[in-house]
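Let me begin by presenting the structure, written as structure tokens, before commenting on it.
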Amino acid sequence: MTAGKLIIPSTLRAAANLRSSSMPKEVAKKAAAMLSSAPSGGKHTLPDLPYDYNAIEPVVSAETMTIHHSKHHNTYVTNLNVTLEKLDAAVSAGDVSTIIGLEGALKFNGGGHINHTLFWENLCSKDESEITDGPLKAAIEESFGSVDAMKKDLSAKSIAVQGSGWGWLGLNTQTGKIEVATCANQDPLEATTGLKPLLGIDVWEHAYYVDYRNVRPEYVNAVFDVVNWKTVEERLVAAK
Ligand SMILES: [Fe+2]
């Protein structure tokens, strides 16, 4: 995530220096963490895709990729920056009530930005999608028994998400095992479950409706053909 200057350092200082009588310590700490979520306290921007909009066809059409990236993801980025500006003002004013009131917007738009940034990196053309022998395959086999068993589990749970949400493969750093998890809406995996995100499948209708209408199982099963397993492996190695 790239960043320009938006949030002034004095705000962070203000958040850190607020007296406990005017703002509970935990709220001050959380607000400072939220404000510093943009690198150098800057403004978040829409990342470029690492491939063309038509690179994932025919599994996901260029039309879907264009709308999904340039409209949906862009909206999360825009609204995240608006929310951070409001948070900036609320922290400066020591307005605890407003800070707490912004948590929902921050989770939704911040989560939307984090999740989609991971998602684009998860995908590649059909020709490049391959699980080769290495640490990822070994960890999948240790955790699920086989690659097919992992796909079956992740697919079933992603399809079963009620309403909008995400299916995930995440690393449990306590056990060293890879687990399947699902999150509602745009709730980000790590902040919600503690698992380190390795692979996310967006099961919001905006991710598949143009190509698959309402048939989510067809989309989820097809997406496995365009997963960039190299990226998944890099995340696993980095998370360990
Ligand atoms: Fe999405």
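Here, A, B, ... name the chains of the structure tokens in the order displayed, residue numbers run from 1 inside each chain, and ligands are numbered from 1 in the same displayed order.
For region 70-219 of chain A, backbone-based DSSP assignment of strand (DSSP E or B) covers Leu123, Gly165, Trp166, Gly167, Trp168, Leu169, Gly170, Leu171, Ile178, Glu179, Val180, Ala181, Thr182, Cys183, Ala184, Lys196, Pro197, Leu198, Leu199, Gly200, Ile201 and Asp202 of chain A.
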| said: Based on the backbone DSSP call, show me all residues of region 184-220 of chain A assigned helix (DSSP H, G or I), as an MDAnalysis selection string. | reply: chainID A and resid 189:193 205:207 209:212 216:220
Could you write out the selected residues, including N, CA and C atoms, as a compact mmCIF listing (two decimals), in the first residue's frame?
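Listing of part-v3.txt after writing:
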# COMPACT_ATOMS: atom_id res chain seq x y z
N LEU A 189 -9.04 -11.10 7.91
CA LEU A 189 -8.76 -12.38 8.57
C LEU A 189 -7.92 -12.25 9.83
N GLU A 190 -6.79 -11.59 9.72
CA GLU A 190 -5.85 -11.59 10.86
C GLU A 190 -6.43 -10.85 12.06
N ALA A 191 -7.04 -9.69 11.81
CA ALA A 191 -7.60 -8.91 12.92
C ALA A 191 -8.79 -9.62 13.55
N THR A 192 -9.46 -10.48 12.77
CA THR A 192 -10.67 -11.16 13.25
C THR A 192 -10.34 -12.49 13.93
N THR A 193 -9.39 -13.25 13.34
CA THR A 193 -9.15 -14.62 13.83
C THR A 193 -7.74 -14.85 14.37
N GLU A 205 -21.10 -11.16 -4.19
CA GLU A 205 -21.66 -11.35 -5.54
C GLU A 205 -20.95 -10.48 -6.58
N HIS A 206 -20.42 -9.32 -6.15
CA HIS A 206 -19.75 -8.45 -7.13
C HIS A 206 -18.53 -9.15 -7.76
N ALA A 207 -18.03 -10.20 -7.09
CA ALA A 207 -16.85 -10.91 -7.60
C ALA A 207 -17.19 -11.89 -8.72
N TYR A 209 -20.94 -12.18 -10.19
CA TYR A 209 -22.30 -12.16 -10.73
C TYR A 209 -22.35 -12.01 -12.26
N VAL A 210 -21.46 -11.18 -12.82
CA VAL A 210 -21.45 -10.96 -14.27
C VAL A 210 -21.17 -12.28 -15.00
N ASP A 211 -20.29 -13.09 -14.44
CA ASP A 211 -19.84 -14.32 -15.11
C ASP A 211 -20.64 -15.57 -14.72
N TYR A 212 -21.10 -15.62 -13.49
CA TYR A 212 -21.73 -16.86 -13.00
C TYR A 212 -23.15 -16.63 -12.48
N ARG A 216 -22.74 -19.38 -7.07
CA ARG A 216 -21.47 -19.22 -6.36
C ARG A 216 -20.59 -20.48 -6.42
N PRO A 217 -21.14 -21.70 -6.28
CA PRO A 217 -20.27 -22.89 -6.31
C PRO A 217 -19.45 -22.99 -7.60
N GLU A 218 -20.05 -22.63 -8.73
CA GLU A 218 -19.32 -22.70 -10.00
C GLU A 218 -18.12 -21.76 -10.00
N TYR A 219 -18.35 -20.55 -9.50
CA TYR A 219 -17.27 -19.55 -9.41
C TYR A 219 -16.17 -20.03 -8.47
N VAL A 220 -16.53 -20.47 -7.28
CA VAL A 220 -15.52 -20.86 -6.28
C VAL A 220 -14.69 -22.02 -6.81
| request: With a distance cut-off of 12 Å and only C-alpha atoms, select the neighbouring residues of Asn54 (chain A), excluding the residue or stretch itself and same-chain residues fewer than 4 positions from it, and output the selection as a list in words. | output: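 The contact residues come out as Leu49, Pro50, Pro58, Val59, Val60, Ser61, Ala62, Glu63, Thr64, Met65, Thr66, Leu123, Cys124, Ser125 and Lys126 of chain A.
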What does the file look like for those residues with N, CA and C atoms, as a PDB file, in the first residue's frame?
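Contents of part-v6.pdb, freshly written:
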ATOM      1  N   LEU A  49      -3.088  -3.563 -10.591  1.00  0.00           N
ATOM      2  CA  LEU A  49      -3.098  -5.018 -10.682  1.00  0.00           C
ATOM      3  C   LEU A  49      -1.750  -5.480 -11.242  1.00  0.00           C
ATOM      4  N   PRO A  50      -1.284  -6.652 -10.809  1.00  0.00           N
ATOM      5  CA  PRO A  50      -0.006  -7.142 -11.342  1.00  0.00           C
ATOM      6  C   PRO A  50      -0.166  -7.820 -12.710  1.00  0.00           C
ATOM      7  N   PRO A  58     -10.694 -17.414 -18.985  1.00  0.00           N
ATOM      8  CA  PRO A  58     -12.140 -17.205 -18.919  1.00  0.00           C
ATOM      9  C   PRO A  58     -12.744 -17.398 -17.527  1.00  0.00           C
ATOM     10  N   VAL A  59     -11.904 -17.665 -16.521  1.00  0.00           N
ATOM     11  CA  VAL A  59     -12.458 -17.930 -15.179  1.00  0.00           C
ATOM     12  C   VAL A  59     -13.152 -16.693 -14.628  1.00  0.00           C
ATOM     13  N   VAL A  60     -12.480 -15.536 -14.749  1.00  0.00           N
ATOM     14  CA  VAL A  60     -13.103 -14.260 -14.368  1.00  0.00           C
ATOM     15  C   VAL A  60     -12.914 -13.303 -15.553  1.00  0.00           C
ATOM     16  N   SER A  61     -14.008 -12.727 -16.007  1.00  0.00           N
ATOM     17  CA  SER A  61     -13.954 -11.890 -17.212  1.00  0.00           C
ATOM     18  C   SER A  61     -13.272 -10.550 -16.954  1.00  0.00           C
ATOM     19  N   ALA A  62     -12.804  -9.931 -18.045  1.00  0.00           N
ATOM     20  CA  ALA A  62     -12.211  -8.601 -17.951  1.00  0.00           C
ATOM     21  C   ALA A  62     -13.232  -7.601 -17.419  1.00  0.00           C
ATOM     22  N   GLU A  63     -14.496  -7.795 -17.768  1.00  0.00           N
ATOM     23  CA  GLU A  63     -15.552  -6.888 -17.284  1.00  0.00           C
ATOM     24  C   GLU A  63     -15.651  -6.939 -15.751  1.00  0.00           C
ATOM     25  N   THR A  64     -15.682  -8.160 -15.216  1.00  0.00           N
ATOM     26  CA  THR A  64     -15.746  -8.302 -13.756  1.00  0.00           C
ATOM     27  C   THR A  64     -14.503  -7.708 -13.107  1.00  0.00           C
ATOM     28  N   MET A  65     -13.330  -8.037 -13.638  1.00  0.00           N
ATOM     29  CA  MET A  65     -12.087  -7.543 -13.036  1.00  0.00           C
ATOM     30  C   MET A  65     -12.031  -6.017 -13.060  1.00  0.00           C
ATOM     31  N   THR A  66     -12.494  -5.425 -14.162  1.00  0.00           N
ATOM     32  CA  THR A  66     -12.457  -3.967 -14.285  1.00  0.00           C
ATOM     33  C   THR A  66     -13.360  -3.312 -13.249  1.00  0.00           C
ATOM     34  N   LEU A 123      -4.179 -14.070  -7.549  1.00  0.00           N
ATOM     35  CA  LEU A 123      -4.631 -14.583  -8.838  1.00  0.00           C
ATOM     36  C   LEU A 123      -3.528 -14.513  -9.894  1.00  0.00           C
ATOM     37  N   CYS A 124      -3.658 -15.360 -10.895  1.00  0.00           N
ATOM     38  CA  CYS A 124      -2.737 -15.340 -12.037  1.00  0.00           C
ATOM     39  C   CYS A 124      -3.432 -16.049 -13.191  1.00  0.00           C
ATOM     40  N   SER A 125      -2.808 -16.049 -14.354  1.00  0.00           N
ATOM     41  CA  SER A 125      -3.432 -16.723 -15.491  1.00  0.00           C
ATOM     42  C   SER A 125      -3.435 -18.232 -15.241  1.00  0.00           C
ATOM     43  N   LYS A 126      -4.337 -18.905 -15.946  1.00  0.00           N
ATOM     44  CA  LYS A 126      -4.492 -20.350 -15.792  1.00  0.00           C
ATOM     45  C   LYS A 126      -3.163 -21.089 -16.016  1.00  0.00           C
TER      46      LYS A 126
END
| task | Could you tell me, counting only C-alpha atoms and all ligand atoms, which protein and nucleic acid residues lie no more than 12 Å from ligand 1, written as a ChimeraX atom specification? | result | /A:64-76,108-109,111-120,164-167,185-186,200-209
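Distances from A:Leu102, A:Asp225, A:Lys230, A:Ile131 to Val82 (chain A) were compared using only C-alpha atoms, and the smallest one belongs to A:Leu102.
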| request: Skip Gly194 (chain A) itself and residues of its chain fewer than 6 positions away, then list as number ranges by chain all residues within 10 Å of it, counting only C-alpha atoms. | output: A: 170-174, 188
| query | Do you have the CA of Lys157 (chain A)-CA of Lys107 (chain A) distance handy? | reply |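 If I compute the distance from CA of Lys157 (chain A) to CA of Lys107 (chain A), I get 22.4 Å.
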| Pick from A:Ala184, A:Ala90, A:Asp95, A:Val232: nearest to Gln162 (chain A), with only C-alpha atoms counted? |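 When distances to Gln162 (chain A) are compared using only C-alpha atoms, the smallest one comes from A:Ala184.
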Residues near Asp153 (chain A), anyone? I mean within 12 Å using only C-alpha atoms, not counting same-chain ones fewer than 6 positions away, as a PDB file with C-alpha atoms, in the first residue's frame.
ATOM      1  CA  ILE A 140      -1.016 -28.372   3.017  1.00  0.00           C
ATOM      2  CA  SER A 143      -2.612 -29.900   7.622  1.00  0.00           C
ATOM      3  CA  PHE A 144      -5.263 -31.427   5.344  1.00  0.00           C
ATOM      4  CA  GLY A 145      -3.866 -34.757   4.145  1.00  0.00           C
ATOM      5  CA  SER A 146      -3.774 -33.671   0.490  1.00  0.00           C
ATOM      6  CA  VAL A 147      -4.138 -30.679  -1.817  1.00  0.00           C
ATOM      7  CA  ILE A 159     -19.624 -21.509  -0.770  1.00  0.00           C
ATOM      8  CA  ALA A 160     -21.467 -21.751   2.553  1.00  0.00           C
ATOM      9  CA  GLY A 167     -13.148 -17.801   2.464  1.00  0.00           C
ATOM     10  CA  TRP A 168      -9.529 -18.044   3.617  1.00  0.00           C
ATOM     11  CA  LEU A 169      -6.515 -20.254   4.029  1.00  0.00           C
ATOM     12  CA  ILE A 178      -2.797 -24.122   7.811  1.00  0.00           C
ATOM     13  CA  GLU A 179      -6.502 -23.675   8.541  1.00  0.00           C
ATOM     14  CA  VAL A 180      -9.632 -22.810   6.582  1.00  0.00           C
ATOM     15  CA  ALA A 181     -11.652 -19.895   7.926  1.00  0.00           C
ATOM     16  CA  THR A 182     -14.434 -17.635   6.740  1.00  0.00           C
ATOM     17  CA  VAL A 220     -15.517 -20.861  -6.280  1.00  0.00           C
ATOM     18  CA  ASN A 221     -14.569 -24.149  -7.912  1.00  0.00           C
TER      19      ASN A 221
END
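In this comparison, which uses only C-alpha atoms, the residue of A:Thr175, A:Phe224, A:Val215, A:Leu106 approaching Leu154 (chain A) most closely is A:Phe224.
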| Could you pull the residues within 10 Å of Thr231 (chain A), counting only C-alpha atoms, minus those fewer than 2 positions along the same chain, as JSON, numbers by chain? | {"A": [118, 121, 122, 123, 124, 198, 199, 227, 228, 229, 233, 234, 235, 236, 237]}
| query | Taking only C-alpha atoms into account, which of A:Ala238, A:Lys177, A:Val77, A:Lys86 comes nearest Pro47 (chain A)? | reply |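 Between A:Ala238, A:Lys177, A:Val77, A:Lys86, the residue approaching Pro47 (chain A) most closely is A:Val77.
Residue nearest Ile56 (chain A) within the list A:Ala239, A:Leu195, A:Asp127, A:Ser155: A:Asp127 [criterion: smallest interatomic distance, only C-alpha atoms].
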